[in-house]
Amino acid sequence: MTGEVVISVNNLTKQFGTFTAVDSINLDVYRGEIFGFIGANGAGKTTAMRMITGLLEPSSGEAIVAGFKVTQHPEQVKKRIGYMSQRFSLYEDLTVSENIEFFGGIYGLTDYQIETQMNLVLQELEMMHMRRTLVRELPLGWKQKLAFSTALLHGPEVVFLDEPTGGVDPITRRQFWDKMYKEADRGTTIFVTTHYMDEAEYCDRVSIMVDGQIIALDSPQNLKNQFRSDSMDEVFVKLARSAKRSDL
């Protein structure tokens, strides 16, 4: 895949004492691409994502996101990215509309922009009747879709999704990916981690990390051809067998 590079990672490394969590990884991600960042527990993918988003200082190397070096211009990077975590994305004790207002304020939107975006989000998700519902009362699938839309409120160039469909039913997962495709078609770059190898099949390209290193990076079809496998699950199992360490 070619085009405008939106994420460029060059020899990115993170050491904790004598332990190398991420070992000199390199990758480019393009505008409008859905890029799968795959690895078993302990592979280093979460540590790598934290460095790419500016949440963690690298030991060496650099990441450039939306034209800005993350370590030198973290605030510029934050304005241009969205982030959704499986573990924490919304405030459970706030209503749907209060969450949208809160995150819109964090992203620097005006009151008018927040109200406009809120109406667009609620209409698209068919949640207008839920605007005063506490988030904790929503089914998990609705929470995840709302969290994704909230991460997109400010029109980021890149959105990072950390295990976005964990625990949701297959139908909701498919709906979630449909929304990701729509955003990618609009030019938003999607950088996603997942434990579901069938979801890796939906990505334009996939990287697979083992013990802190990227040991494979290509389209799902090319990876299946390269490793003579019928599915990405088979590819992943073949590569992950060599892993020596546990969760980071």
# chains A, B, ... in the order shown; residues from 1 in each chain; ligands from 1
$ select_by_dssp --residues "region 37-172 of chain A" --states "strand (DSSP E)" --output "list in words"
Phe37, Ile38, Gly39, Ser60, Gly61, Glu62, Ala63, Ile64, Val65, Phe68, Lys69, Ile81, Gly82, Tyr83, Met84, Ser85, Val158, Val159, Phe160, Leu161 and Asp162 of chain A
$ write_last_selection --atoms "C-alpha atoms" --output "CSV table (one decimal), in the first residue's frame"
chain,number,residue,atom,x,y,z
A,37,PHE,CA,-1.3,-4.0,15.3
A,38,ILE,CA,-1.2,-7.6,16.5
A,39,GLY,CA,0.7,-9.4,19.2
A,60,SER,CA,15.5,5.7,21.6
A,61,GLY,CA,14.1,6.1,18.1
A,62,GLU,CA,11.2,8.3,17.2
A,63,ALA,CA,7.6,8.3,16.1
A,64,ILE,CA,6.1,10.9,13.7
A,65,VAL,CA,2.3,11.3,13.7
A,68,PHE,CA,4.9,16.0,14.1
A,69,LYS,CA,7.6,14.3,16.1
A,81,ILE,CA,-5.4,12.0,17.1
A,82,GLY,CA,-8.3,10.2,18.8
A,83,TYR,CA,-7.9,7.3,21.3
A,84,MET,CA,-10.2,4.6,22.5
A,85,SER,CA,-9.3,2.1,25.1
A,158,VAL,CA,-5.6,9.2,13.2
A,159,VAL,CA,-7.7,7.3,15.7
A,160,PHE,CA,-6.0,4.6,17.9
A,161,LEU,CA,-8.3,1.8,19.0
A,162,ASP,CA,-7.0,-0.5,21.7
$ closest_atom_pairs --of "region 12-113 of chain A" --to "region 202-223 of chain A" --cutoff "12 Å" --atoms "only C-alpha atoms" --output "JSON lines"
{"residue": "A:Leu12", "atom": "CA", "partner": "A:Gln213", "partner_atom": "CA", "distance": 10.1}
{"residue": "A:Thr13", "atom": "CA", "partner": "A:Gly212", "partner_atom": "CA", "distance": 8.7}
{"residue": "A:Lys14", "atom": "CA", "partner": "A:Gly212", "partner_atom": "CA", "distance": 9.0}
{"residue": "A:Gln15", "atom": "CA", "partner": "A:Gly212", "partner_atom": "CA", "distance": 10.2}
{"residue": "A:Phe19", "atom": "CA", "partner": "A:Gly212", "partner_atom": "CA", "distance": 10.2}
{"residue": "A:Thr20", "atom": "CA", "partner": "A:Gly212", "partner_atom": "CA", "distance": 7.2}
{"residue": "A:Ala21", "atom": "CA", "partner": "A:Gly212", "partner_atom": "CA", "distance": 5.4}
{"residue": "A:Val22", "atom": "CA", "partner": "A:Gly212", "partner_atom": "CA", "distance": 4.2}
{"residue": "A:Asp23", "atom": "CA", "partner": "A:Gly212", "partner_atom": "CA", "distance": 5.1}
{"residue": "A:Ser24", "atom": "CA", "partner": "A:Gln213", "partner_atom": "CA", "distance": 7.1}
{"residue": "A:Ile25", "atom": "CA", "partner": "A:Gln213", "partner_atom": "CA", "distance": 6.1}
{"residue": "A:Asn26", "atom": "CA", "partner": "A:Ile214", "partner_atom": "CA", "distance": 7.8}
{"residue": "A:Leu27", "atom": "CA", "partner": "A:Leu217", "partner_atom": "CA", "distance": 8.5}
{"residue": "A:Asp28", "atom": "CA", "partner": "A:Leu217", "partner_atom": "CA", "distance": 10.3}
{"residue": "A:Val29", "atom": "CA", "partner": "A:Arg205", "partner_atom": "CA", "distance": 9.0}
{"residue": "A:Tyr30", "atom": "CA", "partner": "A:Asp204", "partner_atom": "CA", "distance": 10.1}
{"residue": "A:Arg31", "atom": "CA", "partner": "A:Asp204", "partner_atom": "CA", "distance": 11.5}
{"residue": "A:Gly32", "atom": "CA", "partner": "A:Asp204", "partner_atom": "CA", "distance": 9.7}
{"residue": "A:Glu33", "atom": "CA", "partner": "A:Asp204", "partner_atom": "CA", "distance": 6.3}
{"residue": "A:Ile34", "atom": "CA", "partner": "A:Cys203", "partner_atom": "CA", "distance": 5.2}
{"residue": "A:Phe35", "atom": "CA", "partner": "A:Arg205", "partner_atom": "CA", "distance": 5.3}
{"residue": "A:Gly36", "atom": "CA", "partner": "A:Val206", "partner_atom": "CA", "distance": 4.5}
{"residue": "A:Phe37", "atom": "CA", "partner": "A:Ser207", "partner_atom": "CA", "distance": 5.3}
{"residue": "A:Ile38", "atom": "CA", "partner": "A:Ile208", "partner_atom": "CA", "distance": 4.8}
{"residue": "A:Gly39", "atom": "CA", "partner": "A:Met209", "partner_atom": "CA", "distance": 4.8}
{"residue": "A:Ala40", "atom": "CA", "partner": "A:Val210", "partner_atom": "CA", "distance": 7.3}
{"residue": "A:Asn41", "atom": "CA", "partner": "A:Val210", "partner_atom": "CA", "distance": 9.3}
{"residue": "A:Gly42", "atom": "CA", "partner": "A:Asp211", "partner_atom": "CA", "distance": 6.8}
{"residue": "A:Ala43", "atom": "CA", "partner": "A:Asp211", "partner_atom": "CA", "distance": 4.6}
{"residue": "A:Gly44", "atom": "CA", "partner": "A:Gly212", "partner_atom": "CA", "distance": 4.9}
{"residue": "A:Lys45", "atom": "CA", "partner": "A:Met209", "partner_atom": "CA", "distance": 6.8}
{"residue": "A:Thr46", "atom": "CA", "partner": "A:Gly212", "partner_atom": "CA", "distance": 10.3}
{"residue": "A:Thr47", "atom": "CA", "partner": "A:Gly212", "partner_atom": "CA", "distance": 9.1}
{"residue": "A:Ala48", "atom": "CA", "partner": "A:Gly212", "partner_atom": "CA", "distance": 8.6}
{"residue": "A:Met49", "atom": "CA", "partner": "A:Met209", "partner_atom": "CA", "distance": 11.9}
$ write_last_selection --atoms "C-alpha atoms" --output "PDB file, in the first residue's frame"
ATOM      1  CA  LEU A  12      11.437   2.908  18.263  1.00  0.00           C
ATOM      2  CA  THR A  13      12.778   1.268  21.414  1.00  0.00           C
ATOM      3  CA  LYS A  14      11.716   1.086  25.051  1.00  0.00           C
ATOM      4  CA  GLN A  15      13.841  -0.351  27.814  1.00  0.00           C
ATOM      5  CA  PHE A  19      14.670  -5.398  29.814  1.00  0.00           C
ATOM      6  CA  THR A  20      13.859  -4.358  26.240  1.00  0.00           C
ATOM      7  CA  ALA A  21      10.071  -4.184  25.919  1.00  0.00           C
ATOM      8  CA  VAL A  22      10.080  -2.786  22.365  1.00  0.00           C
ATOM      9  CA  ASP A  23      13.127  -3.507  20.255  1.00  0.00           C
ATOM     10  CA  SER A  24      13.824  -1.053  17.440  1.00  0.00           C
ATOM     11  CA  ILE A  25      10.564  -1.332  15.491  1.00  0.00           C
ATOM     12  CA  ASN A  26       9.921   0.361  12.144  1.00  0.00           C
ATOM     13  CA  LEU A  27       6.663   0.902  10.263  1.00  0.00           C
ATOM     14  CA  ASP A  28       4.748   3.394   8.137  1.00  0.00           C
ATOM     15  CA  VAL A  29       0.963   3.752   8.185  1.00  0.00           C
ATOM     16  CA  TYR A  30      -0.905   5.572   5.425  1.00  0.00           C
ATOM     17  CA  ARG A  31      -3.821   7.966   5.275  1.00  0.00           C
ATOM     18  CA  GLY A  32      -7.156   6.176   5.212  1.00  0.00           C
ATOM     19  CA  GLU A  33      -5.588   2.834   6.057  1.00  0.00           C
ATOM     20  CA  ILE A  34      -6.936   0.364   8.602  1.00  0.00           C
ATOM     21  CA  PHE A  35      -3.754  -0.936  10.172  1.00  0.00           C
ATOM     22  CA  GLY A  36      -3.849  -3.937  12.500  1.00  0.00           C
ATOM     23  CA  PHE A  37      -1.262  -4.000  15.278  1.00  0.00           C
ATOM     24  CA  ILE A  38      -1.234  -7.593  16.487  1.00  0.00           C
ATOM     25  CA  GLY A  39       0.667  -9.440  19.161  1.00  0.00           C
ATOM     26  CA  ALA A  40       0.163 -11.870  22.021  1.00  0.00           C
ATOM     27  CA  ASN A  41       0.259 -10.710  25.628  1.00  0.00           C
ATOM     28  CA  GLY A  42       3.810  -9.632  26.371  1.00  0.00           C
ATOM     29  CA  ALA A  43       4.693  -8.908  22.751  1.00  0.00           C
ATOM     30  CA  GLY A  44       5.144  -5.187  23.453  1.00  0.00           C
ATOM     31  CA  LYS A  45       2.296  -3.808  21.357  1.00  0.00           C
ATOM     32  CA  THR A  46       0.695  -1.824  24.212  1.00  0.00           C
ATOM     33  CA  THR A  47       4.049  -0.296  25.128  1.00  0.00           C
ATOM     34  CA  ALA A  48       4.641   0.581  21.475  1.00  0.00           C
ATOM     35  CA  MET A  49       1.209   2.174  21.108  1.00  0.00           C
TER      36      MET A  49
END
$ atom_distance --atom1 "CA of Asp185 (chain A)" --atom2 "CA of Gly104 (chain A)"
23.2 Å
$ residues_around --residues "Gly155 (chain A)" --least-positions-apart "4" --cutoff "12 Å" --atoms "only C-alpha atoms" --output "ChimeraX atom specification"
/A:78-83,104,107-109,113-114,117,148-151,159,183,186-189
$ write_last_selection --atoms "C-alpha atoms" --output "PDB file, in the first residue's frame"
ATOM      1  CA  LYS A  78      -2.809  15.095  20.686  1.00  0.00           C
ATOM      2  CA  LYS A  79      -4.903  17.585  18.710  1.00  0.00           C
ATOM      3  CA  ARG A  80      -4.712  15.361  15.640  1.00  0.00           C
ATOM      4  CA  ILE A  81      -5.416  11.958  17.131  1.00  0.00           C
ATOM      5  CA  GLY A  82      -8.300  10.190  18.808  1.00  0.00           C
ATOM      6  CA  TYR A  83      -7.888   7.343  21.266  1.00  0.00           C
ATOM      7  CA  GLY A 104     -15.759  17.767  23.213  1.00  0.00           C
ATOM      8  CA  TYR A 107     -10.722  18.361  22.440  1.00  0.00           C
ATOM      9  CA  GLY A 108     -11.185  22.141  22.399  1.00  0.00           C
ATOM     10  CA  LEU A 109     -14.485  22.296  20.533  1.00  0.00           C
ATOM     11  CA  GLN A 113     -19.405  22.553  17.623  1.00  0.00           C
ATOM     12  CA  ILE A 114     -20.142  20.218  20.530  1.00  0.00           C
ATOM     13  CA  GLN A 117     -21.375  16.992  16.683  1.00  0.00           C
ATOM     14  CA  PHE A 148     -15.579   5.348  19.082  1.00  0.00           C
ATOM     15  CA  SER A 149     -17.765   8.241  17.969  1.00  0.00           C
ATOM     16  CA  THR A 150     -16.538  10.309  20.919  1.00  0.00           C
ATOM     17  CA  ALA A 151     -12.928   9.689  19.882  1.00  0.00           C
ATOM     18  CA  VAL A 159      -7.654   7.253  15.666  1.00  0.00           C
ATOM     19  CA  GLU A 183     -14.205   6.533   8.691  1.00  0.00           C
ATOM     20  CA  ARG A 186     -13.342   9.570   4.723  1.00  0.00           C
ATOM     21  CA  GLY A 187      -9.543   9.587   5.025  1.00  0.00           C
ATOM     22  CA  THR A 188      -9.171   8.826   8.723  1.00  0.00           C
ATOM     23  CA  THR A 189      -6.324   6.474   9.521  1.00  0.00           C
TER      24      THR A 189
END
$ atom_distance --atom1 "CA of Glu201 (chain A)" --atom2 "CA of Lys244 (chain A)"
25.6 Å
$ atom_distance --atom1 "CA of Asp169 (chain A)" --atom2 "CA of Ser229 (chain A)"
26.5 Å
$ closest_residue --among "A:Thr116, A:Gln144, A:Ser97, A:Thr165" --to "His195 (chain A)" --atoms "only C-alpha atoms"
A:Thr165
$ residues_around --residues "Val121 (chain A)" --least-positions-apart "2" --cutoff "10 Å" --atoms "only C-alpha atoms" --output "list in words"
Ile100, Glu115, Thr116, Gln117, Met118, Asn119, Gln123, Glu124, Leu125, Glu126, Met127, Met128, Lys145, Leu146, Ser149, Thr150, Leu152 and Leu153 of chain A
$ closest_residue --among "A:Arg132, A:Lys182, A:Arg50, A:Lys143" --to "Ser89 (chain A)" --atoms "only C-alpha atoms"
A:Lys143
$ closest_residue --among "A:Val77, A:Ile7, A:Ala243, A:Phe103" --to "Ile190 (chain A)" --atoms "only C-alpha atoms"
A:Ile7
$ residues_around --residues "Thr95 (chain A)" --least-positions-apart "2" --cutoff "9 Å" --atoms "only C-alpha atoms" --output "list in words"
Tyr91, Glu92, Asp93, Ser97, Glu98, Asn99, Ile100, Met130, Arg131, Arg132, Thr133, Leu134, Val135 and Arg136 of chain A
$ closest_residue --among "A:Val9, A:Leu120, A:Glu157, A:Gly141" --to "Gln175 (chain A)" --atoms "only C-alpha atoms"
A:Gly141
$ select_by_dssp --residues "region 53-142 of chain A" --states "alpha helix (DSSP H)" --output "PyMOL selection string"
chain A and resi 74-80+96-106+111-124+140-142
$ write_last_selection --atoms "N, CA and C atoms" --output "short mmCIF file (atom, residue, chain, number, x, y, z; two decimals), in the first residue's frame"
data_model
loop_
_atom_site.label_atom_id
_atom_site.label_comp_id
_atom_site.auth_asym_id
_atom_site.auth_seq_id
_atom_site.Cartn_x
_atom_site.Cartn_y
_atom_site.Cartn_z
N PRO A 74 4.25 16.98 21.49
CA PRO A 74 3.16 16.11 21.96
C PRO A 74 1.78 16.76 21.91
N GLU A 75 1.70 18.07 22.17
CA GLU A 75 0.39 18.74 22.16
C GLU A 75 -0.18 18.83 20.75
N GLN A 76 0.69 19.05 19.77
CA GLN A 76 0.23 19.08 18.38
C GLN A 76 -0.28 17.71 17.95
N VAL A 77 0.40 16.68 18.41
CA VAL A 77 -0.03 15.32 18.08
C VAL A 77 -1.38 15.02 18.71
N LYS A 78 -1.56 15.39 19.98
CA LYS A 78 -2.81 15.09 20.69
C LYS A 78 -4.01 15.74 20.01
N LYS A 79 -3.80 16.91 19.39
CA LYS A 79 -4.90 17.58 18.71
C LYS A 79 -5.35 16.83 17.46
N ARG A 80 -4.46 16.00 16.93
CA ARG A 80 -4.71 15.36 15.64
C ARG A 80 -5.04 13.88 15.73
N VAL A 96 -25.10 10.06 28.40
CA VAL A 96 -24.55 10.02 27.04
C VAL A 96 -24.16 11.43 26.59
N SER A 97 -25.07 12.39 26.74
CA SER A 97 -24.80 13.76 26.28
C SER A 97 -23.71 14.41 27.12
N GLU A 98 -23.68 14.13 28.42
CA GLU A 98 -22.63 14.71 29.28
C GLU A 98 -21.25 14.20 28.90
N ASN A 99 -21.15 12.94 28.51
CA ASN A 99 -19.86 12.41 28.06
C ASN A 99 -19.41 13.11 26.78
N ILE A 100 -20.35 13.30 25.85
CA ILE A 100 -20.00 13.97 24.60
C ILE A 100 -19.57 15.41 24.87
N GLU A 101 -20.28 16.11 25.75
CA GLU A 101 -19.92 17.47 26.11
C GLU A 101 -18.55 17.54 26.77
N PHE A 102 -18.29 16.59 27.66
CA PHE A 102 -17.01 16.57 28.38
C PHE A 102 -15.83 16.37 27.42
N PHE A 103 -15.93 15.34 26.59
CA PHE A 103 -14.81 15.06 25.69
C PHE A 103 -14.70 16.11 24.59
N GLY A 104 -15.83 16.66 24.17
CA GLY A 104 -15.76 17.77 23.21
C GLY A 104 -14.99 18.94 23.79
N GLY A 105 -15.21 19.23 25.08
CA GLY A 105 -14.47 20.30 25.75
C GLY A 105 -12.99 20.01 25.83
N ILE A 106 -12.64 18.75 26.13
CA ILE A 106 -11.23 18.36 26.21
C ILE A 106 -10.56 18.55 24.85
N ASP A 111 -18.91 25.41 22.11
CA ASP A 111 -20.23 24.90 22.50
C ASP A 111 -21.07 24.57 21.26
N TYR A 112 -20.98 25.43 20.26
CA TYR A 112 -21.76 25.20 19.03
C TYR A 112 -21.27 23.93 18.34
N GLN A 113 -19.95 23.75 18.26
CA GLN A 113 -19.40 22.55 17.62
C GLN A 113 -19.79 21.29 18.39
N ILE A 114 -19.77 21.37 19.71
CA ILE A 114 -20.14 20.22 20.53
C ILE A 114 -21.60 19.84 20.28
N GLU A 115 -22.48 20.84 20.28
CA GLU A 115 -23.90 20.56 20.06
C GLU A 115 -24.14 19.99 18.67
N THR A 116 -23.44 20.55 17.68
CA THR A 116 -23.59 20.05 16.31
C THR A 116 -23.11 18.61 16.20
N GLN A 117 -21.93 18.35 16.74
CA GLN A 117 -21.38 16.99 16.68
C GLN A 117 -22.22 16.01 17.48
N MET A 118 -22.75 16.47 18.61
CA MET A 118 -23.58 15.59 19.42
C MET A 118 -24.81 15.13 18.64
N ASN A 119 -25.46 16.06 17.97
CA ASN A 119 -26.64 15.70 17.19
C ASN A 119 -26.29 14.73 16.06
N LEU A 120 -25.15 14.97 15.40
CA LEU A 120 -24.73 14.08 14.33
C LEU A 120 -24.44 12.67 14.85
N VAL A 121 -23.73 12.60 15.99
CA VAL A 121 -23.38 11.31 16.57
C VAL A 121 -24.62 10.55 17.00
N LEU A 122 -25.51 11.22 17.72
CA LEU A 122 -26.70 10.55 18.24
C LEU A 122 -27.63 10.10 17.12
N GLN A 123 -27.70 10.90 16.06
CA GLN A 123 -28.52 10.50 14.92
C GLN A 123 -27.92 9.29 14.21
N GLU A 124 -26.62 9.33 14.00
CA GLU A 124 -25.95 8.23 13.29
C GLU A 124 -26.06 6.93 14.08
N LEU A 140 -22.95 -3.10 26.48
CA LEU A 140 -21.54 -2.91 26.15
C LEU A 140 -21.35 -2.48 24.70
N GLY A 141 -22.10 -3.08 23.79
CA GLY A 141 -21.95 -2.74 22.38
C GLY A 141 -22.24 -1.28 22.11
N TRP A 142 -23.28 -0.74 22.74
CA TRP A 142 -23.62 0.67 22.59
C TRP A 142 -22.51 1.55 23.17
#
$ residues_around --residues "Glu199 (chain A)" --least-positions-apart "6" --cutoff "10 Å" --atoms "only C-alpha atoms" --output "ChimeraX atom specification"
/A:36,165,173-174,177,192-193,232-233
$ write_last_selection --atoms "N, CA and C atoms" --output "short mmCIF file (atom, residue, chain, number, x, y, z; two decimals), in the first residue's frame"
data_model
loop_
_atom_site.label_atom_id
_atom_site.label_comp_id
_atom_site.auth_asym_id
_atom_site.auth_seq_id
_atom_site.Cartn_x
_atom_site.Cartn_y
_atom_site.Cartn_z
N GLY A 36 -3.73 -3.06 11.35
CA GLY A 36 -3.85 -3.94 12.50
C GLY A 36 -2.51 -4.13 13.18
N THR A 165 -13.33 -4.03 20.34
CA THR A 165 -14.52 -4.89 20.29
C THR A 165 -14.48 -6.02 21.31
N ARG A 173 -19.83 -6.43 16.71
CA ARG A 173 -18.47 -6.33 16.17
C ARG A 173 -18.51 -5.99 14.69
N ARG A 174 -19.39 -6.63 13.95
CA ARG A 174 -19.50 -6.36 12.51
C ARG A 174 -19.96 -4.92 12.27
N TRP A 177 -17.06 -2.58 12.85
CA TRP A 177 -16.12 -2.55 11.73
C TRP A 177 -16.69 -1.82 10.52
N VAL A 192 -5.41 -0.09 14.92
CA VAL A 192 -6.22 -0.90 15.82
C VAL A 192 -5.47 -2.13 16.32
N THR A 193 -5.61 -2.41 17.61
CA THR A 193 -5.12 -3.68 18.16
C THR A 193 -6.33 -4.57 18.41
N MET A 232 -5.63 -15.92 9.15
CA MET A 232 -4.69 -15.13 9.96
C MET A 232 -4.47 -15.78 11.31
N ASP A 233 -5.44 -16.54 11.79
CA ASP A 233 -5.27 -17.25 13.04
C ASP A 233 -4.12 -18.25 12.93
#
